[in-house]
Amino acid sequence: MPESVRVRFAPSPTGHLHIGGARTAIYNWAFARRHGGAFVLRIDDTDPERSTEENTRAILSALRWLGIDWDEGPEADGAYGPYFQTQRRASYDAALARLKESGAIYPCFCTPETLAAKRETSRQAGGFSGYDRTCLGLDGATVAARLASREPHAWRLRVPDDHGDIVFVDAVRGETTFGIDAMDDFVVARSDGSPTYNFATVIDDVEMAITHVIRGDDHLSNTPRQILVFEALDATVPVFAHLSMIWGPDGKRLSKRHGATSVEAYRELGYLPEALVNYLALLGWSLDDKTTVIDRATLTGSFSLERVSRNPAVFDAEKLEWLNGVYLRELPAEEFVDRMVPWLVDAGLLSADEVAAMRFWLVELAPLVSERVKRLDELASKVAFFFADTVAIEESARAKVLETEGVREALDAVAEVLDALPDFSPAAIEQALRAVPETTGLKPKIVFQAVRVAVSGSTVSPPLFESLALLGKERSLDRIRAAVSSLAQ
RNA sequence: GGCCCGUUGGUCUAGCGGUGAGGACGCCGCCCUCUCAAGGCGGAAAUCACGGGUUCGAAUCCCGUACGGGCUACCA
């Protein structure tokens with residue numbers, strides 16, 4: 001690429017960061033990183049009704065959590081600011097003045113009511129339903145007089161009469177053509193002087209020297225209009241790349257009724273940001289014909305618009321879960337502990353100031369559970385028995401496992417054997433426990449399950465011998481003996 | 001209505017004129033195994049939306065049709 005790449009992500013702070021928006025951000029970011037360019041974050045906060053500072057903060061924090069860093073934008077400065085549209089009004093006004101000067105735009109005094117009525121009738125008749133250029137036909141004196149009388153008016157971009165069809169090469173869709181006949185003189189400035197979206201966006205992209213506009217499919221039809229603005233401004237038209245939508249399982253646009261849709265919600269559900277980024281990157285882009293697990297470095301090193309898919313993608317929560325499990329398993333124990341601790345603290349299993357002292361123990365615990373969860377939020381219930389003083393034994397587990405002929409005696413024997421162990425290591429425990437069945441006549445599995453239930457309260461737990469070792473001799477024995485006495489008649 | 005865009009197993013995708021249409025999730029089975037996972041092996045699952053062309057040859061190129069989506073605002 002000749003000039004240095006500059007891309008932007010321009011969310012509207014009318015809500016939290018949506019999964020679809022996150023994917024757009026990821027693609028922009030990865031593209032910028034890949035080409036050594038700049039990733040600009042711009043806040044499209046021109047809708048005063050719905051935009052809030054709180055949403056802006058939430059979006060920034062979601063992006064940070066994902067690890068999507070921006071080179072310019074809020075809290076990052078940059079030479080092309082300000083990065084909030086509400087602070088860029090002077091730019092829009094200046095551009096408007098320039099276009100008035102050049103005659104590229106003209107005032108329109110038509111009222112919204114008459115426009116709506118005309119639109120309705122022409123649509124009924126079929127065919128073109130754009131503006132009929134009533135106000136373009138006004139003579140100079142009339143316009144001057146009506147302007148002078150401060151009659152309310154919007155400003156419209158005049159589509160040049162000699163303009164051919166609008167053709168551009170979309171980086172993901174290829175050549176796309178819009179017939180010029182279907183283009184009407186659209187409004188660039190409202191009667192209150194404020195710029196419309198299609199105008200403001202272009203001014204911003206021009207002034208921020210954006211080279212590639214990577215955005216959602218829903219803007220594809222806006223592109224010819226925006227190209228007209230670039231041309232009126234005599235600015236270089238950037239490369240456009242339109243991403244298809246993300247759908248829910250029913251083929252409809254992803255929305256709340258499909259479940260979690262915000263990045264924040266996935267964080268709260270116990271997903272790892274690297275897994276979410278990987279999953280989203282793959283939702284419409286592929287590295288090759290076989291790679292599914294793609295780390296950040298690979299993504300930023302190999303992302304390309306050519307490999308972005310053109311069709312809409314259904315969001316598959318199950319695949320995301322699987323991928324999250326993959327990342328969880330790959331985490332080194334130390335790292336896993338760092339991610340796990342907040343969840344355990346939140347669940348009240350330990351307090352923040354106990355963590356340092358327990359670190360070594362937690363690092364031992366990590367591998368026992370890391371390959372048994374797909375989300376961080378499953379952790380607390382799986383390890384709770386390690387932290388409790390006593391365990392509540394599940395009724396079904398008691399009935400199915402403990403109340404079996406010979407189990408009481410076996411547990412007695414287990415307690416005795418374990419008590420005699422000088423070394424309470426997993427290996428020693430295993431050796432000792434395997435010797436018990438021989439004396440009781442019960443199958444090893446039966447005995448192991450009985451110990452598992454006595455100690456963890458459930459028929460499902462992390463590996464038994466390691467768990468006993470981690471729990472410690474004393475607490476293990478207490479629980480086994482408690483189970484025995486609860487069985488005594 | 002008009003204008004654009006899209007269509008490969010249930011899902012995400014590879015493919016870019018000649019393939020047994022490959023991979024991943026999910027599903028099923030077997031193995032491993034102290035439970036659960038993880039892992040290993042194997043399997044079912046795609047008339048490449050449909051119909052016409054072009055070509056010796058089409059999932060791949062062209063044209064229609066159907067279905068889905070977007071835009072068509074003084075919303076973004």
# chains A, B, ... in the order shown; residues from 1 in each chain; ligands from 1
>>> interface_residues(of="chain B", to="chain A", cutoff="7 Å", atoms="only C-alpha atoms (C1' of nucleotides)", output="PyMOL selection string")
chain B and resi 1-4+6+11-12+14+23-25+34-38+70-71+74+76
>>> residues_around(residues="Gly174 (chain A)", least_positions_apart="2", cutoff="10 Å", atoms="only C-alpha atoms (C1' of nucleotides)", output="list in words")
Phe168, Val169, Asp170, Ala171, Val172, Thr176, Thr177, Phe240, Ala241, Glu306 and Arg310 of chain A
>>> residues_around(residues="Asp377 (chain A)", least_positions_apart="3", cutoff="7 Å", atoms="only C-alpha atoms (C1' of nucleotides)", output="PyMOL selection string")
chain A and resi 269-270+343+380
>>> atom_distance(atom1="CA of Ala397 (chain A)", atom2="CA of Ala454 (chain A)")
9.3 Å
>>> select_by_dssp(residues="region 407-482 of chain A", states="helix (DSSP H, G or I)", output="ChimeraX atom specification")
/A:407-419,426-440,444-456,464-471,473-482
>>> residues_around(residues="region 473-480 of chain A", least_positions_apart="2", cutoff="10 Å", atoms="only C-alpha atoms (C1' of nucleotides)", output="ChimeraX atom specification")
/A:386,389-391,408,411-412,414-416,418-419,421-425,429,450-457,467-471,482-486
>>> residues_around(residues="Gly348 (chain A)", least_positions_apart="2", cutoff="12 Å", atoms="only C-alpha atoms (C1' of nucleotides)", output="ChimeraX atom specification")
/A:341-346,350-352,354,380-381,383-384,387-388
>>> atom_distance(atom1="CA of Asp338 (chain A)", atom2="CA of Glu54 (chain A)")
28.0 Å
